[in-house]
Amino acid sequence: MSEHTTSRGDGFTIAGKTYHSRLLVGSGKYKDLDETQRATEASGAEIITVAIRRTNIGQNPGEPNLLNVVPPSQYTILPNTAGCYTAEDAVRTCRLARELLDGHKLVKLEVLGDKKTLYPDMIATIEAAETLVKDGFDVMVYTSDDPILAKRLEEIGCCAVMPLAAPIGSGLGVQNRYNLLTIIENATVPILVDAGVGTASDAAIAMELGCDGVLMNTAIAGAKNPALMASAMRKAIEAGREAFLAGRIPRKRYASASSPLDGTFF
């Protein structure tokens, strides 16, 4: 890698395909499909998540179809199992997505534990992940920030592991940076923060930690100006990645002069 390499030329691979945008975005919560399209374009994202249980991608003929504004010819569609609370429902939803998308194998698995916290049910998540991997799916998986469980999901065969930074939709930002660091250091598959980002600085922090990418929906769709926030997130992801590649200075308790006196003539 050249010393001048920037994040825009620094791709990462999921399920055998290389992507150059490390920002992944959701397609829900927008006021209409026009806003969805404008924000998605402004984000520069290449991977777009779609909640199969909540979004029409062809299963409801005659209704507005998300794929008309986010076409599979332009984006990688990532069906997700949002709203599933059992392994069985999650597996069924992924199989439905495969049928609707002509054999599409890449899915985002999430199995929620309860409606108040939206934390993942990790026992059910592992069960569903094992079934889906055996069934030939490429599984990107939403998980808690437990490093042991994250590694277990990688060992099962998930192609990307996606720990939360804070609860879904909370906008609290990265609350668990040391757990995330441990997960990143032990991983051999991409690690992407999923959930908790609220603003651009949160996305930058995740990338500075060494995450391979960040997935978000509410932070963009819930903003007063979603397209503008999408643009901000795009730049934050790029800046955070470049800062990680550049290598920050170590933290010190005391000052260190930027223009030291050593070697001066008077």
# chains A, B, ... in the order shown; residues from 1 in each chain; ligands from 1
$ residues_around --residues "range 49-56 of chain A" --least-positions-apart "6" --cutoff "7 Å" --atoms "only C-alpha atoms" --output "list in words"
Val25, Gly26, Ser27, Asn65, Leu66, Ile77, Leu78, Pro79, Asn80, Thr81, Ala82, Thr93 and Ala97 of chain A
$ write_last_selection --atoms "N, CA, C and O atoms" --output "PDB file, in the first residue's frame"
ATOM      1  N   VAL A  25     -25.984   1.414   4.407  1.00  0.00           N
ATOM      2  CA  VAL A  25     -27.154   2.139   4.899  1.00  0.00           C
ATOM      3  C   VAL A  25     -28.422   1.311   4.786  1.00  0.00           C
ATOM      4  O   VAL A  25     -28.538   0.437   3.922  1.00  0.00           O
ATOM      5  N   GLY A  26     -29.363   1.627   5.673  1.00  0.00           N
ATOM      6  CA  GLY A  26     -30.666   0.992   5.642  1.00  0.00           C
ATOM      7  C   GLY A  26     -31.607   1.726   4.718  1.00  0.00           C
ATOM      8  O   GLY A  26     -31.322   2.833   4.249  1.00  0.00           O
ATOM      9  N   SER A  27     -32.748   1.129   4.480  1.00  0.00           N
ATOM     10  CA  SER A  27     -33.729   1.704   3.557  1.00  0.00           C
ATOM     11  C   SER A  27     -35.051   2.021   4.241  1.00  0.00           C
ATOM     12  O   SER A  27     -36.014   2.412   3.584  1.00  0.00           O
ATOM     13  N   ASN A  65     -42.483  -0.186  -5.013  1.00  0.00           N
ATOM     14  CA  ASN A  65     -41.421  -1.175  -4.847  1.00  0.00           C
ATOM     15  C   ASN A  65     -40.093  -0.471  -4.586  1.00  0.00           C
ATOM     16  O   ASN A  65     -39.647   0.361  -5.387  1.00  0.00           O
ATOM     17  N   LEU A  66     -39.462  -0.791  -3.461  1.00  0.00           N
ATOM     18  CA  LEU A  66     -38.193  -0.169  -3.101  1.00  0.00           C
ATOM     19  C   LEU A  66     -37.147  -0.338  -4.201  1.00  0.00           C
ATOM     20  O   LEU A  66     -36.332   0.550  -4.436  1.00  0.00           O
ATOM     21  N   ILE A  77     -28.124  -5.485  -2.671  1.00  0.00           N
ATOM     22  CA  ILE A  77     -29.257  -5.514  -1.743  1.00  0.00           C
ATOM     23  C   ILE A  77     -28.946  -6.522  -0.638  1.00  0.00           C
ATOM     24  O   ILE A  77     -28.594  -7.670  -0.914  1.00  0.00           O
ATOM     25  N   LEU A  78     -29.060  -6.074   0.600  1.00  0.00           N
ATOM     26  CA  LEU A  78     -28.768  -6.920   1.752  1.00  0.00           C
ATOM     27  C   LEU A  78     -30.052  -7.146   2.540  1.00  0.00           C
ATOM     28  O   LEU A  78     -30.412  -6.338   3.408  1.00  0.00           O
ATOM     29  N   PRO A  79     -30.776  -8.225   2.241  1.00  0.00           N
ATOM     30  CA  PRO A  79     -31.998  -8.515   3.005  1.00  0.00           C
ATOM     31  C   PRO A  79     -31.653  -8.747   4.467  1.00  0.00           C
ATOM     32  O   PRO A  79     -30.651  -9.406   4.776  1.00  0.00           O
ATOM     33  N   ASN A  80     -32.460  -8.195   5.361  1.00  0.00           N
ATOM     34  CA  ASN A  80     -32.213  -8.435   6.781  1.00  0.00           C
ATOM     35  C   ASN A  80     -33.462  -8.973   7.459  1.00  0.00           C
ATOM     36  O   ASN A  80     -34.562  -8.896   6.929  1.00  0.00           O
ATOM     37  N   THR A  81     -33.248  -9.530   8.632  1.00  0.00           N
ATOM     38  CA  THR A  81     -34.332 -10.189   9.360  1.00  0.00           C
ATOM     39  C   THR A  81     -34.853  -9.323  10.496  1.00  0.00           C
ATOM     40  O   THR A  81     -35.258  -9.829  11.544  1.00  0.00           O
ATOM     41  N   ALA A  82     -34.840  -8.004  10.297  1.00  0.00           N
ATOM     42  CA  ALA A  82     -35.355  -7.080  11.317  1.00  0.00           C
ATOM     43  C   ALA A  82     -36.776  -7.473  11.701  1.00  0.00           C
ATOM     44  O   ALA A  82     -37.607  -7.788  10.852  1.00  0.00           O
ATOM     45  N   THR A  93     -37.379 -15.994   6.918  1.00  0.00           N
ATOM     46  CA  THR A  93     -37.298 -14.697   6.240  1.00  0.00           C
ATOM     47  C   THR A  93     -36.155 -14.671   5.228  1.00  0.00           C
ATOM     48  O   THR A  93     -36.305 -14.149   4.116  1.00  0.00           O
ATOM     49  N   ALA A  97     -36.376 -14.150   1.159  1.00  0.00           N
ATOM     50  CA  ALA A  97     -35.581 -13.159   0.431  1.00  0.00           C
ATOM     51  C   ALA A  97     -34.841 -13.803  -0.740  1.00  0.00           C
ATOM     52  O   ALA A  97     -34.745 -13.224  -1.826  1.00  0.00           O
TER      53      ALA A  97
END
$ select_by_dssp --residues "range 17-255 of chain A" --states "strand (DSSP E or B)" --output "ChimeraX atom specification"
/A:17-19,23-26,47-51,76-80,106-109,112,120,138-143,160-163,191-194,213-216
$ atom_distance --atom1 "CA of Asp32 in chain A" --atom2 "CA of Val91 in chain A"
28.7 Å
$ residues_around --residues "range 190-196 of chain A" --least-positions-apart "6" --cutoff "10 Å" --atoms "only C-alpha atoms" --output "ChimeraX atom specification"
/A:12-14,22-25,140-145,150,154,158-175,180,183-184,202-203,206-207,210-219
$ residues_around --residues "Val69 in chain A" --least-positions-apart "5" --cutoff "9 Å" --atoms "only C-alpha atoms" --output "list in words"
Leu33, Asp34, Thr36 and Gln37 of chain A
$ atom_distance --atom1 "CA of Leu100 in chain A" --atom2 "CA of Ala42 in chain A"
26.9 Å
$ closest_atom_pairs --of "range 31-117 of chain A" --to "range 15-20 of chain A" --cutoff "10 Å" --atoms "only C-alpha atoms" --output "Markdown table"
| residue | atom | partner | partner_atom | distance |
| --- | --- | --- | --- | --- |
| A:Gly44 | CA | A:His20 | CA | 9.5 |
| A:Ala45 | CA | A:His20 | CA | 8.7 |
| A:Glu46 | CA | A:Tyr19 | CA | 7.0 |
| A:Ile47 | CA | A:Tyr19 | CA | 8.4 |
| A:Thr76 | CA | A:Tyr19 | CA | 9.7 |
| A:Lys105 | CA | A:Ala15 | CA | 9.3 |
| A:Leu106 | CA | A:Ala15 | CA | 7.6 |
$ write_last_selection --atoms "N, CA and C atoms" --output "CSV table (one decimal), in the first residue's frame"
chain,number,residue,atom,x,y,z
A,44,GLY,N,-23.3,7.5,-0.8
A,44,GLY,CA,-22.3,6.8,-1.6
A,44,GLY,C,-22.2,5.3,-1.3
A,45,ALA,N,-23.2,4.8,-0.5
A,45,ALA,CA,-23.1,3.4,-0.1
A,45,ALA,C,-23.3,2.5,-1.3
A,46,GLU,N,-22.7,1.3,-1.2
A,46,GLU,CA,-22.9,0.3,-2.2
A,46,GLU,C,-23.8,-0.9,-1.7
A,47,ILE,N,-23.9,-1.0,-0.4
A,47,ILE,CA,-24.7,-2.1,0.2
A,47,ILE,C,-25.9,-1.4,0.9
A,76,THR,N,-25.8,-3.5,-4.0
A,76,THR,CA,-25.9,-4.8,-3.4
A,76,THR,C,-27.1,-4.8,-2.4
A,105,LYS,N,-27.8,-14.8,-2.1
A,105,LYS,CA,-27.4,-15.5,-0.9
A,105,LYS,C,-26.9,-14.7,0.3
A,106,LEU,N,-26.6,-13.4,0.0
A,106,LEU,CA,-26.0,-12.5,1.0
A,106,LEU,C,-27.2,-12.0,1.9
$ decode --residues "range 179-191 of chain A" --atoms "all heavy atoms" --output "tab-separated table (two decimals), in the first residue's frame"
chain	number	residue	atom	x	y	z
A	179	ASN	N	-14.39	-3.18	23.98
A	179	ASN	CA	-14.93	-4.45	23.49
A	179	ASN	C	-14.78	-4.55	21.97
A	179	ASN	O	-14.40	-5.59	21.44
A	179	ASN	CB	-16.42	-4.58	23.85
A	179	ASN	CG	-16.63	-4.95	25.30
A	179	ASN	OD1	-15.91	-4.48	26.17
A	179	ASN	ND2	-17.63	-5.77	25.56
A	180	LEU	N	-15.08	-3.45	21.29
A	180	LEU	CA	-14.95	-3.46	19.84
A	180	LEU	C	-13.50	-3.71	19.42
A	180	LEU	O	-13.23	-4.46	18.48
A	180	LEU	CB	-15.44	-2.14	19.25
A	180	LEU	CG	-16.95	-1.88	19.34
A	180	LEU	CD1	-17.27	-0.50	18.75
A	180	LEU	CD2	-17.75	-2.96	18.61
A	181	LEU	N	-12.56	-3.07	20.12
A	181	LEU	CA	-11.14	-3.27	19.81
A	181	LEU	C	-10.75	-4.74	19.96
A	181	LEU	O	-10.02	-5.29	19.12
A	181	LEU	CB	-10.27	-2.41	20.72
A	181	LEU	CG	-10.06	-0.96	20.30
A	181	LEU	CD1	-9.35	-0.19	21.41
A	181	LEU	CD2	-9.27	-0.88	19.00
A	182	THR	N	-11.25	-5.38	21.00
A	182	THR	CA	-10.93	-6.79	21.22
A	182	THR	C	-11.49	-7.64	20.09
A	182	THR	O	-10.83	-8.55	19.58
A	182	THR	CB	-11.47	-7.27	22.57
A	182	THR	OG1	-10.91	-6.48	23.61
A	182	THR	CG2	-11.14	-8.73	22.82
A	183	ILE	N	-12.73	-7.36	19.69
A	183	ILE	CA	-13.35	-8.10	18.59
A	183	ILE	C	-12.55	-7.91	17.31
A	183	ILE	O	-12.26	-8.87	16.58
A	183	ILE	CB	-14.81	-7.64	18.39
A	183	ILE	CG1	-15.66	-8.07	19.58
A	183	ILE	CG2	-15.39	-8.20	17.09
A	183	ILE	CD1	-17.06	-7.48	19.59
A	184	ILE	N	-12.17	-6.67	17.01
A	184	ILE	CA	-11.41	-6.37	15.79
A	184	ILE	C	-10.07	-7.09	15.79
A	184	ILE	O	-9.66	-7.68	14.79
A	184	ILE	CB	-11.21	-4.84	15.67
A	184	ILE	CG1	-12.54	-4.14	15.40
A	184	ILE	CG2	-10.22	-4.51	14.56
A	184	ILE	CD1	-12.51	-2.64	15.65
A	185	GLU	N	-9.37	-7.05	16.92
A	185	GLU	CA	-8.03	-7.64	17.01
A	185	GLU	C	-8.05	-9.15	16.82
A	185	GLU	O	-7.06	-9.73	16.33
A	185	GLU	CB	-7.41	-7.29	18.37
A	185	GLU	CG	-7.04	-5.82	18.51
A	185	GLU	CD	-6.69	-5.43	19.93
A	185	GLU	OE1	-6.85	-6.28	20.84
A	185	GLU	OE2	-6.26	-4.29	20.14
A	186	ASN	N	-9.16	-9.80	17.16
A	186	ASN	CA	-9.23	-11.26	17.09
A	186	ASN	C	-9.88	-11.77	15.82
A	186	ASN	O	-9.99	-12.99	15.62
A	186	ASN	CB	-10.01	-11.80	18.30
A	186	ASN	CG	-9.25	-11.61	19.60
A	186	ASN	OD1	-8.02	-11.63	19.61
A	186	ASN	ND2	-9.97	-11.44	20.69
A	187	ALA	N	-10.31	-10.86	14.95
A	187	ALA	CA	-11.13	-11.27	13.80
A	187	ALA	C	-10.30	-11.52	12.55
A	187	ALA	O	-9.26	-10.88	12.32
A	187	ALA	CB	-12.17	-10.21	13.51
A	188	THR	N	-10.79	-12.43	11.71
A	188	THR	CA	-10.22	-12.63	10.38
A	188	THR	C	-11.28	-12.38	9.30
A	188	THR	O	-11.03	-12.62	8.12
A	188	THR	CB	-9.66	-14.06	10.22
A	188	THR	OG1	-10.70	-15.01	10.47
A	188	THR	CG2	-8.53	-14.31	11.20
A	189	VAL	N	-12.46	-11.92	9.71
A	189	VAL	CA	-13.51	-11.50	8.78
A	189	VAL	C	-13.81	-10.03	9.05
A	189	VAL	O	-13.44	-9.50	10.10
A	189	VAL	CB	-14.79	-12.35	8.94
A	189	VAL	CG1	-14.52	-13.82	8.63
A	189	VAL	CG2	-15.39	-12.17	10.34
A	190	PRO	N	-14.46	-9.33	8.12
A	190	PRO	CA	-14.78	-7.92	8.36
A	190	PRO	C	-15.63	-7.72	9.61
A	190	PRO	O	-16.57	-8.49	9.87
A	190	PRO	CB	-15.55	-7.52	7.09
A	190	PRO	CG	-15.05	-8.45	6.04
A	190	PRO	CD	-14.83	-9.75	6.74
A	191	ILE	N	-15.31	-6.68	10.36
A	191	ILE	CA	-16.08	-6.28	11.54
A	191	ILE	C	-16.69	-4.92	11.23
A	191	ILE	O	-15.98	-3.96	10.95
A	191	ILE	CB	-15.19	-6.19	12.80
A	191	ILE	CG1	-14.50	-7.53	13.08
A	191	ILE	CG2	-16.03	-5.74	13.99
A	191	ILE	CD1	-15.44	-8.68	13.37
